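Structure below is protein.cif: mmCIF, C-alpha atoms.
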data_target
loop_
_atom_site.label_atom_id
_atom_site.label_comp_id
_atom_site.auth_asym_id
_atom_site.auth_seq_id
_atom_site.Cartn_x
_atom_site.Cartn_y
_atom_site.Cartn_z
CA MET H 1 9.84 39.79 -73.78
CA THR H 2 11.69 36.48 -73.18
CA ALA H 3 12.31 37.31 -69.51
CA SER H 4 8.73 38.53 -69.06
CA ILE H 5 7.25 35.27 -70.36
CA TRP H 6 9.43 33.31 -67.97
CA ALA H 7 8.45 35.65 -65.14
CA LEU H 8 4.78 34.95 -65.83
CA PHE H 9 5.27 31.19 -65.48
CA VAL H 10 7.33 31.56 -62.30
CA ALA H 11 4.71 33.89 -60.82
CA MET H 12 1.91 31.42 -61.59
CA THR H 13 3.90 28.66 -59.87
CA LEU H 14 4.40 30.76 -56.76
CA TRP H 15 0.88 32.24 -56.65
CA PHE H 16 -1.80 30.13 -58.33
CA PRO H 17 -4.45 32.29 -60.03
CA PHE H 18 -6.86 29.31 -60.10
CA ARG H 19 -7.11 26.43 -57.64
CA ARG H 20 -10.09 24.34 -58.72
CA GLY H 21 -11.84 22.90 -61.76
CA PRO H 22 -10.59 22.87 -65.36
CA LEU H 23 -8.59 26.06 -64.83
CA GLY H 24 -6.92 24.50 -61.80
CA PHE H 25 -5.95 21.51 -63.94
CA GLY H 26 -4.54 23.91 -66.52
CA ILE H 27 -2.44 25.59 -63.83
CA PHE H 28 -1.09 22.17 -62.83
CA VAL H 29 -0.07 21.39 -66.43
CA VAL H 30 1.59 24.77 -66.90
CA THR H 31 3.45 24.88 -63.56
CA MET H 32 4.36 21.23 -62.93
CA ALA H 33 7.86 21.39 -64.44
CA PHE H 34 8.58 24.75 -62.79
CA ASN H 35 7.70 23.29 -59.38
CA GLU H 36 9.63 20.01 -59.76
CA ILE H 37 12.71 20.79 -61.89
CA PRO H 38 13.34 24.55 -61.50
CA ALA H 39 17.12 24.10 -61.48
CA VAL H 40 16.98 22.60 -64.97
CA LEU H 41 14.71 25.38 -66.17
CA LEU H 42 17.06 27.94 -64.66
CA GLY H 43 19.82 26.68 -66.96
CA VAL H 44 17.48 26.84 -69.95
CA PHE H 45 16.38 30.34 -68.98
CA LEU H 46 19.90 31.71 -68.61
CA VAL H 47 20.88 30.38 -72.03
CA SER H 48 17.75 31.74 -73.72
CA VAL H 49 17.91 35.17 -72.10
CA ALA H 50 21.63 35.53 -72.79
CA ALA H 51 20.94 34.97 -76.47
CA SER H 52 18.31 37.71 -76.48
CA PHE H 53 20.40 40.35 -74.70
CA THR H 54 22.05 41.28 -78.00
CA ASP H 55 18.66 42.39 -79.30
CA ALA H 56 17.95 44.27 -76.09
CA ALA H 57 21.26 46.13 -76.34
CA ALA H 58 20.27 47.40 -79.77
CA ASP H 59 17.16 48.96 -78.22
CA GLY H 60 19.16 51.08 -75.80
CA LEU H 61 20.18 51.19 -72.15
CA ALA H 62 16.63 51.25 -70.79
CA ALA H 63 15.80 47.97 -72.54
CA VAL H 64 18.94 46.35 -71.14
CA VAL H 65 18.22 47.51 -67.58
CA THR H 66 14.60 46.35 -67.78
CA ALA H 67 15.55 42.95 -69.20
CA LEU H 68 18.27 42.52 -66.59
CA GLY H 69 15.92 43.40 -63.74
CA VAL H 70 13.22 40.97 -64.89
CA SER H 71 15.88 38.27 -65.47
CA CYS H 72 17.13 38.67 -61.90
CA LEU H 73 13.60 38.24 -60.58
CA VAL H 74 13.12 35.08 -62.65
CA THR H 75 16.47 33.70 -61.45
CA PHE H 76 15.64 34.33 -57.79
CA GLY H 77 12.19 32.83 -58.31
CA LEU H 78 13.54 29.61 -59.83
CA VAL H 79 16.17 29.29 -57.09
CA TRP H 80 13.45 29.73 -54.47
CA LEU H 81 11.24 27.13 -56.13
CA GLN H 82 14.12 24.65 -55.88
CA LEU H 83 14.85 25.49 -52.26
CA ARG H 84 11.19 24.96 -51.33
CA ALA H 85 11.69 21.21 -51.81
CA ARG H 86 13.48 21.19 -48.46
CA ASN H 87 10.06 21.48 -46.76
CA VAL H 88 9.08 17.96 -47.83
CA ARG H 89 11.27 16.00 -45.43
CA PRO H 90 9.99 17.55 -42.15
CA ALA H 91 6.40 17.12 -43.31
CA LEU H 92 6.95 13.42 -44.05
CA GLU H 93 8.86 12.80 -40.82
CA ALA H 94 6.11 14.48 -38.80
CA ALA H 95 3.48 12.33 -40.55
CA LEU H 96 5.43 9.13 -39.87
CA ASN H 97 5.90 10.11 -36.21
CA THR H 98 2.18 10.81 -35.85
CA GLY H 99 1.01 7.69 -37.65
CA LEU H 100 3.57 5.15 -36.45
CA GLY H 101 4.82 6.60 -33.18
CA THR H 102 8.13 8.27 -32.46
CA ASN H 103 10.01 4.96 -32.17
CA TRP H 104 9.11 3.68 -35.64
CA ARG H 105 12.71 3.90 -36.89
CA ALA H 106 13.60 0.87 -34.77
CA SER H 107 11.73 -1.35 -37.25
CA VAL H 108 12.98 0.20 -40.50
CA ARG H 109 15.40 -2.07 -42.37
CA SER H 110 16.20 0.01 -45.48
CA GLU H 111 19.51 -0.98 -47.04
CA VAL H 112 20.65 2.63 -47.36
CA GLY H 113 19.09 3.93 -44.17
CA LEU H 114 16.17 6.30 -43.89
CA ASP H 115 18.13 9.39 -42.91
CA ALA H 116 20.51 8.96 -45.85
CA GLY H 117 17.61 8.52 -48.23
CA LEU H 118 15.88 11.64 -46.94
CA THR H 119 18.90 13.94 -46.90
CA THR H 120 21.03 13.02 -49.92
CA PRO H 121 18.75 13.31 -52.97
CA TRP H 122 19.67 16.91 -53.75
CA GLY H 123 22.59 16.25 -56.06
CA ARG H 124 20.82 13.50 -58.00
CA GLY H 125 17.49 15.30 -57.97
CA ILE H 126 19.05 18.40 -59.51
CA LEU H 127 21.57 16.76 -61.85
CA GLN H 128 19.54 13.66 -62.83
CA PRO H 129 15.90 14.77 -62.87
CA PHE H 130 15.12 12.71 -65.97
CA GLN H 131 16.64 9.45 -64.72
CA ARG H 132 14.51 6.51 -65.84
CA HIS H 133 16.99 3.66 -65.50
CA VAL H 134 19.35 2.45 -62.76
CA ALA H 135 22.35 0.35 -63.80
CA SER H 136 21.70 -2.27 -61.11
CA VAL H 137 18.01 -2.73 -62.00
CA GLU H 138 16.60 -4.94 -64.74
CA ARG H 139 13.24 -4.12 -66.32
CA VAL H 140 11.21 -6.87 -67.99
CA ARG H 141 8.57 -5.20 -70.14
CA ASN H 142 5.04 -6.08 -71.23
CA VAL H 143 4.40 -9.27 -69.27
CA PRO H 144 0.71 -10.27 -69.61
CA TYR H 145 -1.25 -10.84 -66.41
CA GLY H 146 -4.60 -11.33 -68.15
CA SER H 147 -6.25 -11.63 -71.54
CA GLY H 148 -7.14 -7.96 -72.00
CA GLY H 149 -4.35 -7.03 -74.41
CA ARG H 150 -2.47 -3.82 -73.62
CA ALA H 151 -4.71 -3.16 -70.61
CA HIS H 152 -3.41 -6.33 -68.97
CA LEU H 153 0.34 -5.83 -69.29
CA LEU H 154 2.86 -5.16 -66.55
CA ASP H 155 6.56 -4.36 -66.26
CA ILE H 156 8.80 -6.11 -63.73
CA TYR H 157 11.63 -4.25 -61.97
CA ARG H 158 14.23 -6.29 -60.09
CA ARG H 159 17.88 -6.05 -59.18
CA LYS H 160 20.09 -7.70 -61.77
CA ASP H 161 22.21 -9.67 -59.33
CA ARG H 162 18.98 -11.09 -57.86
CA ALA H 163 17.27 -11.86 -61.15
CA THR H 164 19.19 -15.08 -61.79
CA GLY H 165 17.70 -17.06 -58.91
CA LYS H 166 20.78 -16.81 -56.68
CA ASP H 167 18.72 -15.40 -53.81
CA ARG H 168 16.04 -18.09 -53.63
CA VAL H 169 16.64 -18.51 -49.90
CA THR H 170 15.37 -14.97 -49.27
CA LYS H 171 12.03 -14.05 -50.80
CA ARG H 172 11.68 -10.46 -51.85
CA PRO H 173 8.80 -8.23 -50.75
CA VAL H 174 6.53 -7.30 -53.66
CA LEU H 175 5.37 -3.85 -54.75
CA ILE H 176 2.57 -3.23 -57.25
CA HIS H 177 2.47 0.27 -58.74
CA LEU H 178 -0.70 1.64 -60.37
CA HIS H 179 -0.47 4.71 -62.60
CA GLY H 180 -2.71 7.77 -62.67
CA GLY H 181 -4.65 9.40 -65.49
CA GLY H 182 -8.24 9.77 -64.33
CA PHE H 183 -9.12 6.26 -65.60
CA VAL H 184 -8.99 7.56 -69.19
CA ARG H 185 -5.25 7.88 -69.94
CA GLY H 186 -1.81 7.06 -68.60
CA GLY H 187 0.35 3.99 -68.57
CA LYS H 188 2.72 1.84 -66.55
CA SER H 189 5.88 3.66 -67.67
CA ARG H 190 4.97 7.19 -66.64
CA GLU H 191 4.88 8.04 -62.92
CA GLY H 192 6.53 6.28 -60.00
CA VAL H 193 9.69 5.18 -61.84
CA THR H 194 11.92 6.73 -59.17
CA LEU H 195 10.23 4.67 -56.44
CA LEU H 196 10.23 1.50 -58.55
CA ASN H 197 13.94 1.76 -59.32
CA GLN H 198 14.85 2.59 -55.73
CA LEU H 199 12.94 -0.31 -54.20
CA ALA H 200 14.11 -2.75 -56.87
CA ASP H 201 17.69 -1.67 -56.21
CA HIS H 202 17.12 -2.36 -52.51
CA GLY H 203 15.95 -5.91 -53.11
CA TRP H 204 12.22 -5.60 -53.80
CA LEU H 205 10.33 -7.28 -56.61
CA CYS H 206 8.40 -4.41 -58.22
CA VAL H 207 5.80 -4.31 -60.96
CA SER H 208 4.07 -1.41 -62.66
CA ALA H 209 0.84 -2.40 -64.33
CA ASN H 210 -1.69 -1.16 -66.85
CA TYR H 211 -5.43 -1.54 -66.25
CA GLY H 212 -8.62 -0.85 -68.17
CA LEU H 213 -9.14 2.77 -69.31
CA ARG H 214 -11.91 4.79 -70.96
CA SER H 215 -14.77 2.39 -71.79
CA GLN H 216 -12.91 -0.36 -69.88
CA GLY H 217 -12.27 2.01 -67.00
CA THR H 218 -15.80 2.31 -65.64
CA PHE H 219 -16.28 1.16 -62.07
CA PRO H 220 -15.53 -1.52 -60.97
CA GLN H 221 -13.44 -2.88 -63.89
CA PRO H 222 -10.10 -1.21 -62.95
CA LEU H 223 -10.54 -2.51 -59.40
CA VAL H 224 -11.14 -6.01 -60.77
CA ASP H 225 -7.96 -5.61 -62.86
CA THR H 226 -6.04 -4.59 -59.75
CA LYS H 227 -7.14 -7.74 -57.99
CA ARG H 228 -6.14 -9.78 -61.04
CA ILE H 229 -2.64 -8.32 -60.71
CA ILE H 230 -2.51 -9.34 -57.03
CA ALA H 231 -3.74 -12.83 -57.89
CA TRP H 232 -1.23 -13.16 -60.75
CA LEU H 233 1.68 -12.11 -58.56
CA ARG H 234 0.64 -14.42 -55.76
CA ASP H 235 0.46 -17.27 -58.27
CA HIS H 236 3.88 -16.43 -59.79
CA ALA H 237 5.65 -15.31 -56.62
CA ASP H 238 7.75 -18.45 -56.31
CA GLU H 239 9.19 -18.36 -59.82
CA LEU H 240 9.86 -14.61 -59.54
CA GLY H 241 11.45 -14.89 -56.10
CA GLY H 242 8.74 -12.82 -54.41
CA ASP H 243 7.07 -13.26 -51.05
CA PRO H 244 3.30 -13.82 -51.51
CA ASP H 245 2.70 -12.75 -47.91
CA GLN H 246 4.33 -9.35 -48.42
CA ILE H 247 2.47 -7.73 -51.32
CA PHE H 248 2.02 -3.96 -51.14
CA LEU H 249 0.11 -1.53 -53.36
CA VAL H 250 1.21 1.97 -54.37
CA GLY H 251 -0.77 4.21 -56.71
CA GLY H 252 -0.75 7.78 -57.94
CA SER H 253 -3.91 9.83 -58.59
CA ALA H 254 -6.45 7.34 -60.03
CA GLY H 255 -4.00 4.58 -59.10
CA GLY H 256 -4.18 5.77 -55.50
CA HIS H 257 -7.93 5.17 -55.59
CA LEU H 258 -7.30 1.63 -56.82
CA ALA H 259 -4.56 0.93 -54.26
CA VAL H 260 -6.70 1.97 -51.30
CA SER H 261 -9.90 0.39 -52.65
CA ALA H 262 -8.20 -2.95 -53.34
CA ALA H 263 -6.61 -2.96 -49.90
CA LEU H 264 -10.04 -2.39 -48.32
CA THR H 265 -11.95 -4.99 -50.38
CA ALA H 266 -9.82 -8.09 -49.89
CA GLN H 267 -11.74 -11.29 -50.66
CA ASP H 268 -14.80 -9.33 -51.80
CA SER H 269 -16.29 -11.71 -54.38
CA ARG H 270 -18.08 -8.88 -56.16
CA PHE H 271 -14.74 -7.54 -57.38
CA GLN H 272 -13.23 -10.94 -58.17
CA PRO H 273 -15.50 -12.43 -60.87
CA GLY H 274 -14.21 -15.81 -61.92
CA PHE H 275 -11.51 -15.91 -59.24
CA GLU H 276 -13.60 -15.46 -56.11
CA GLY H 277 -11.58 -17.94 -54.06
CA VAL H 278 -8.18 -16.35 -54.73
CA ASP H 279 -6.47 -14.57 -51.84
CA THR H 280 -6.22 -10.85 -52.73
CA THR H 281 -5.19 -9.51 -49.34
CA VAL H 282 -2.27 -7.10 -49.24
CA ALA H 283 0.11 -6.13 -46.46
CA GLY H 284 -0.27 -2.37 -46.96
CA ALA H 285 -1.20 0.40 -49.38
CA VAL H 286 0.12 3.84 -50.31
CA ALA H 287 -1.80 6.55 -52.19
CA LEU H 288 0.21 9.41 -53.71
CA TYR H 289 -1.76 12.53 -54.72
CA GLY H 290 -4.70 10.13 -54.98
CA TYR H 291 -8.24 10.82 -56.02
CA LEU H 292 -10.15 9.14 -53.19
CA GLY H 293 -13.70 10.25 -53.95
CA PRO H 294 -16.63 8.34 -55.48
CA ARG H 295 -16.48 7.09 -59.06
CA SER H 296 -20.14 6.24 -59.55
CA PRO H 297 -23.44 6.23 -57.60
CA ASP H 298 -22.38 2.88 -56.18
CA PRO H 299 -21.30 3.51 -52.55
CA ALA H 300 -18.50 0.95 -52.97
CA SER H 301 -16.84 3.21 -55.55
CA SER H 302 -15.74 5.56 -52.75
CA PRO H 303 -12.89 4.46 -50.43
CA LEU H 304 -14.54 6.50 -47.70
CA ASN H 305 -17.33 3.90 -47.59
CA LEU H 306 -14.91 0.96 -47.52
CA THR H 307 -13.01 1.70 -44.32
CA ARG H 308 -12.96 -1.30 -41.99
CA PRO H 309 -11.32 -2.40 -38.74
CA ASP H 310 -9.14 -5.07 -40.39
CA ALA H 311 -7.64 -2.72 -42.99
CA PRO H 312 -3.89 -3.07 -43.53
CA PRO H 313 -1.52 -0.16 -42.80
CA VAL H 314 -2.17 2.75 -45.16
CA MET H 315 -0.10 5.80 -46.10
CA ILE H 316 -1.68 8.76 -47.92
CA VAL H 317 0.53 11.54 -49.31
CA CYS H 318 -0.85 14.56 -51.15
CA GLY H 319 0.27 18.02 -52.16
CA ALA H 320 -0.98 20.89 -50.03
CA ARG H 321 -1.20 22.99 -53.23
CA ASP H 322 -2.66 20.36 -55.53
CA THR H 323 -4.96 22.20 -57.94
CA THR H 324 -6.14 18.96 -59.57
CA ILE H 325 -7.15 16.99 -56.47
CA PRO H 326 -7.50 19.20 -53.37
CA PRO H 327 -6.30 17.63 -50.08
CA ALA H 328 -9.79 17.63 -48.52
CA GLY H 329 -10.75 14.29 -50.11
CA PRO H 330 -7.62 12.35 -49.12
CA ARG H 331 -7.72 13.95 -45.68
CA SER H 332 -11.28 12.73 -45.04
CA VAL H 333 -10.37 9.16 -46.02
CA ALA H 334 -7.29 9.24 -43.78
CA THR H 335 -9.39 10.53 -40.88
CA SER H 336 -12.01 7.81 -41.37
CA LEU H 337 -9.34 5.11 -41.58
CA ALA H 338 -7.63 6.41 -38.44
CA VAL H 339 -10.93 6.04 -36.56
CA MET H 340 -12.03 2.69 -38.02
CA SER H 341 -8.84 0.75 -38.66
CA ASN H 342 -6.84 -1.23 -36.14
CA SER H 343 -3.72 -0.64 -38.25
CA PRO H 344 -1.69 2.59 -38.39
CA VAL H 345 -2.55 5.32 -40.87
CA VAL H 346 0.05 7.83 -42.06
CA TYR H 347 -1.23 11.04 -43.66
CA ALA H 348 1.05 13.74 -45.07
CA GLU H 349 0.28 17.01 -46.83
CA LEU H 350 3.44 18.23 -48.52
CA PRO H 351 3.95 22.01 -48.47
CA ASP H 352 4.27 23.82 -51.82
CA THR H 353 3.58 20.57 -53.69
CA GLN H 354 1.44 20.07 -56.80
CA HIS H 355 -0.08 16.98 -58.42
CA SER H 356 2.06 14.20 -60.02
CA PHE H 357 5.14 15.14 -58.01
CA ASP H 358 6.85 11.86 -58.98
CA LEU H 359 6.68 12.34 -62.75
CA PHE H 360 10.34 13.45 -62.74
CA ALA H 361 13.18 12.04 -60.65
CA SER H 362 13.23 15.34 -58.79
CA VAL H 363 14.41 16.14 -55.28
CA ARG H 364 10.83 15.96 -54.04
CA ALA H 365 10.15 12.61 -55.77
CA ARG H 366 13.31 11.09 -54.29
CA VAL H 367 12.54 12.23 -50.74
CA VAL H 368 8.98 10.90 -51.00
CA ALA H 369 10.31 7.58 -52.35
CA SER H 370 12.54 7.22 -49.28
CA ALA H 371 9.66 8.01 -46.93
CA VAL H 372 7.41 5.49 -48.70
CA GLU H 373 10.18 2.89 -48.47
CA ALA H 374 10.49 3.59 -44.75
CA PHE H 375 6.74 3.09 -44.28
CA LEU H 376 6.76 -0.15 -46.28
CA ASP H 377 9.82 -1.36 -44.39
CA TRP H 378 8.04 -0.67 -41.12
CA ALA H 379 4.90 -2.47 -42.30
CA ARG H 380 6.78 -5.60 -43.33
CA SER H 381 8.96 -5.82 -40.22
CA ASP H 382 8.41 -8.89 -38.05
CA GLU H 383 7.65 -6.87 -34.93
CA PRO H 384 6.75 -3.26 -35.80
CA THR H 385 7.50 -0.88 -32.96
CA GLY H 386 6.33 2.59 -32.16
CA CYS H 387 2.70 2.20 -33.26
CA ALA H 388 1.10 2.95 -29.90
CA VAL H 389 -0.47 6.16 -31.18
CA THR H 390 -3.64 7.71 -29.80
CA ARG H 391 -6.03 8.48 -32.65
#
As structure tokens, how would this structure be written, given the file I've shared?
Amino acid sequence: MTASIWALFVAMTLWFPFRRGPLGFGIFVVTMAFNEIPAVLLGVFLVSVAASFTDAAADGLAAVVTALGVSCLVTFGLVWLQLRARNVRPALEAALNTGLGTNWRASVRSEVGLDAGLTTPWGRGILQPFQRHVASVERVRNVPYGSGGRAHLLDIYRRKDRATGKDRVTKRPVLIHLHGGGFVRGGKSREGVTLLNQLADHGWLCVSANYGLRSQGTFPQPLVDTKRIIAWLRDHADELGGDPDQIFLVGGSAGGHLAVSAALTAQDSRFQPGFEGVDTTVAGAVALYGYLGPRSPDPASSPLNLTRPDAPPVMIVCGARDTTIPPAGPRSVATSLAVMSNSPVVYAELPDTQHSFDLFASVRARVVASAVEAFLDWARSDEPTGCAVTR
């Protein structure tokens, strides 16, 4: 019975019985951990099934053989789920080559190097899938950026040896992370921690911010909050050691909607009530498993209607097997941006990947973090190369 229950969950992860609607969301909830941290679950399974073999032995040889056979299938299934993460790197590299041109690596300035970041996360992703803190990174929690209480709080991530003001000569690029949750739940400490820690460790000034949810999350209030975050960071960039000319947005799910929408509505006074004259332009945006459809009857609530020639560089990454937000929506926005924008657009569909793939510090989350860092590094380089791409 123990092995059979595990086999059911593994089977649902490999072959989704439902792909859309509420049942699709249920499949995501049930299979997320199996898809992202199967090596951890393999250890849990082996311990649990070993404990139950004593009971099986008492039921006779047939029970033992059946339990052993099912256990082998579960083991092979979990091992295969872990090995499938190797498909992420080629998909991301192909997307970067298509969006930025084959010579884009010449402009990447990552401290650890792109290839190292894309090929070495296996040990840490398997052995440290729950890592939330990095020894070299300081986290300053619950800094207010507005007067909206908990909805207007942000956390600051920065490298400890750069938090004392010793690096004032070099201003750090700034990353704003926006969480997911369908505009009704979620918070700044949930997804994206792997990316925040990695970039902070490599010299970035990173923040992860809350915004209005539920009754405060109706359009366009979260977008207004996002612009308040940009304005606050631009105003405090000097004291924090950040570069106000290199502010980037990254968001997951609902946060991806905000990241792309804010990047495409710079200086739009409608979404900056009371601070219309503040510069809210950004140098680039990244949407991870983002919902990029309309939020209300207002055409401006859909990023598809906001595409413009002067858009900054944009990267969109989604799971090819996302049962919560199918890839069709993000793909249509990426296609529209590629046609309209004068800046490069990178679009990647990750094979065998579900929603919220950066909730854990998994192999997949770490590889995606390195690819996002490479894109951001390219976007902030003085003379980006390799972007002569026919679209």
Atomic separation - CA of Gly293 (chain H) relative to CA of Ala151 (chain H), Å | 23.2 Å
Separation of CA of Leu73 (chain H) and CA of Gln131 (chain H), in Å?
->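 Going from CA of Leu73 (chain H) over to CA of Gln131 (chain H), I get 29.2 Å.
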Distance query Val363 (chain H) at most 10 Å, only C-alpha atoms, self and fewer than 5 positions along chain excluded, as number ranges by chain | H: 36-37, 82-83, 85-86, 88, 118-129, 357-358, 368-369
Considering all atoms listed in the file, return as number ranges by chain whatever protein or nucleic-acid residues lie within 10 Å of Val207 (chain H), sequence-local ones (same chain, fewer than 3 positions apart) excluded.
-> H: 139-141, 143, 154-158, 174-178, 188, 196, 200, 204, 229, 233, 249
By how many Å are CA of Val317 (chain H) and CA of Ala374 (chain H) apart?
->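 Distance between the two atoms: 13.5 Å.
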Closest to Ser301 (chain H) among H:Met315, H:Ile325, H:Val367, H:Val260, using all atoms listed in the file?
->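 Checking each of H:Met315, H:Ile325, H:Val367, H:Val260 against Ser301 (chain H), counting all atoms listed in the file, the winner is H:Val260.
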The PyMOL selection byres ((chain H and resi 326) around 10) on the file shown: which residues, as a ChimeraX atom specification?
-> /H:19-20,24,289-291,318-325,327-331,354-355
Pick from H:Arg89, H:His236, H:His179, H:Arg132: nearest to Gly255 (chain H), with all atoms listed in the file counted?
->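 For Gly255 (chain H), the nearest of the given residues is H:His179.
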Closest to Val278 (chain H) among H:Ala266, H:Ala3, H:Leu41, H:Leu304, using all atoms listed in the file?
-> H:Ala266
Exactly which residues make up the result of the PyMOL selection byres ((chain H and resi 276) around 12) on this file, given as a PyMOL selection string?
-> chain H and resi 224+227-228+231+266-275+277-280
Of the candidates H:Gly241, H:Gly77, H:Gly212, H:Pro299, which shows the shortest atom-to-atom distance to Leu258 (chain H), using all atoms listed in the file?
-> H:Gly212
Identify, on the basis of only C-alpha atoms, every residue whose closest approach to Val49 (chain H) does not exceed 12 Å; exclude the query and any residue fewer than 4 positions from it along the same chain; express the result as a ChimeraX atom specification.
-> /H:1-7,41-45,53-56,64,67-72,74-75
Kindly extract all protein, DNA and RNA residues lying within 7 Å of the coordinates (5.2, 24.6, -51.0) given in the file, considering only C-alpha atoms, and supply them as a VMD selection string.
-> chain H and resid 84 321 351 to 353
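By chain and then residue number, the residues within 9 Å of Arg214 (chain H) are H:Phe183, H:Val184, H:Arg185, counting only C-alpha atoms and disregarding those fewer than 5 positions away in sequence.
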Take the PyMOL selection byres ((chain H and resi 346) around 9), apply it to the structure above, and return the hits as a VMD selection string.
-> chain H and resid 95 to 100 313 to 317 334 338 344 to 345 347 to 348 375
Point out the residue among H:Ser253, H:Leu288, H:Thr281, H:Pro220 with the least atom-to-atom distance to Ala300 (chain H), counting only C-alpha atoms.
->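 Under the stated criterion, the closest residue is H:Pro220.
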Could you model N, CA and C atoms for region 169-186 of chain H and present them as a PDB file, in the coordinates of the input?
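Final file, rebuild28.pdb:
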ATOM      1  N   VAL H 169      16.833 -18.293 -51.326  1.00  0.00           N
ATOM      2  CA  VAL H 169      16.640 -18.510 -49.900  1.00  0.00           C
ATOM      3  C   VAL H 169      15.835 -17.360 -49.295  1.00  0.00           C
ATOM      4  N   THR H 170      16.062 -16.148 -49.780  1.00  0.00           N
ATOM      5  CA  THR H 170      15.370 -14.970 -49.270  1.00  0.00           C
ATOM      6  C   THR H 170      14.345 -14.502 -50.281  1.00  0.00           C
ATOM      7  N   LYS H 171      13.082 -14.538 -49.917  1.00  0.00           N
ATOM      8  CA  LYS H 171      12.030 -14.050 -50.800  1.00  0.00           C
ATOM      9  C   LYS H 171      11.923 -12.537 -50.686  1.00  0.00           C
ATOM     10  N   ARG H 172      11.735 -11.908 -51.819  1.00  0.00           N
ATOM     11  CA  ARG H 172      11.680 -10.460 -51.850  1.00  0.00           C
ATOM     12  C   ARG H 172      10.261  -9.946 -51.610  1.00  0.00           C
ATOM     13  N   PRO H 173      10.126  -8.854 -50.852  1.00  0.00           N
ATOM     14  CA  PRO H 173       8.800  -8.230 -50.750  1.00  0.00           C
ATOM     15  C   PRO H 173       8.378  -7.710 -52.122  1.00  0.00           C
ATOM     16  N   VAL H 174       7.079  -7.609 -52.336  1.00  0.00           N
ATOM     17  CA  VAL H 174       6.530  -7.300 -53.660  1.00  0.00           C
ATOM     18  C   VAL H 174       5.798  -5.970 -53.616  1.00  0.00           C
ATOM     19  N   LEU H 175       6.071  -5.122 -54.607  1.00  0.00           N
ATOM     20  CA  LEU H 175       5.370  -3.850 -54.750  1.00  0.00           C
ATOM     21  C   LEU H 175       4.643  -3.809 -56.081  1.00  0.00           C
ATOM     22  N   ILE H 176       3.365  -3.438 -56.041  1.00  0.00           N
ATOM     23  CA  ILE H 176       2.570  -3.230 -57.250  1.00  0.00           C
ATOM     24  C   ILE H 176       2.301  -1.738 -57.376  1.00  0.00           C
ATOM     25  N   HIS H 177       2.713  -1.150 -58.509  1.00  0.00           N
ATOM     26  CA  HIS H 177       2.470   0.270 -58.740  1.00  0.00           C
ATOM     27  C   HIS H 177       1.370   0.439 -59.780  1.00  0.00           C
ATOM     28  N   LEU H 178       0.441   1.372 -59.492  1.00  0.00           N
ATOM     29  CA  LEU H 178      -0.700   1.640 -60.370  1.00  0.00           C
ATOM     30  C   LEU H 178      -0.670   3.110 -60.789  1.00  0.00           C
ATOM     31  N   HIS H 179      -0.646   3.360 -62.081  1.00  0.00           N
ATOM     32  CA  HIS H 179      -0.470   4.710 -62.600  1.00  0.00           C
ATOM     33  C   HIS H 179      -1.733   5.543 -62.467  1.00  0.00           C
ATOM     34  N   GLY H 180      -1.590   6.849 -62.683  1.00  0.00           N
ATOM     35  CA  GLY H 180      -2.710   7.770 -62.670  1.00  0.00           C
ATOM     36  C   GLY H 180      -3.221   8.047 -64.069  1.00  0.00           C
ATOM     37  N   GLY H 181      -4.112   9.039 -64.187  1.00  0.00           N
ATOM     38  CA  GLY H 181      -4.650   9.400 -65.490  1.00  0.00           C
ATOM     39  C   GLY H 181      -6.157   9.520 -65.526  1.00  0.00           C
ATOM     40  N   GLY H 182      -6.804   9.575 -64.370  1.00  0.00           N
ATOM     41  CA  GLY H 182      -8.240   9.770 -64.330  1.00  0.00           C
ATOM     42  C   GLY H 182      -9.053   8.639 -64.948  1.00  0.00           C
ATOM     43  N   PHE H 183      -8.473   7.449 -65.036  1.00  0.00           N
ATOM     44  CA  PHE H 183      -9.120   6.260 -65.600  1.00  0.00           C
ATOM     45  C   PHE H 183      -9.420   6.412 -67.106  1.00  0.00           C
ATOM     46  N   VAL H 184      -8.798   7.388 -67.742  1.00  0.00           N
ATOM     47  CA  VAL H 184      -8.990   7.560 -69.190  1.00  0.00           C
ATOM     48  C   VAL H 184      -7.671   7.596 -69.955  1.00  0.00           C
ATOM     49  N   ARG H 185      -6.554   7.800 -69.267  1.00  0.00           N
ATOM     50  CA  ARG H 185      -5.250   7.880 -69.940  1.00  0.00           C
ATOM     51  C   ARG H 185      -4.172   7.406 -68.974  1.00  0.00           C
ATOM     52  N   GLY H 186      -2.931   7.468 -69.440  1.00  0.00           N
ATOM     53  CA  GLY H 186      -1.810   7.060 -68.600  1.00  0.00           C
ATOM     54  C   GLY H 186      -1.320   5.678 -68.962  1.00  0.00           C
TER      55      GLY H 186
END
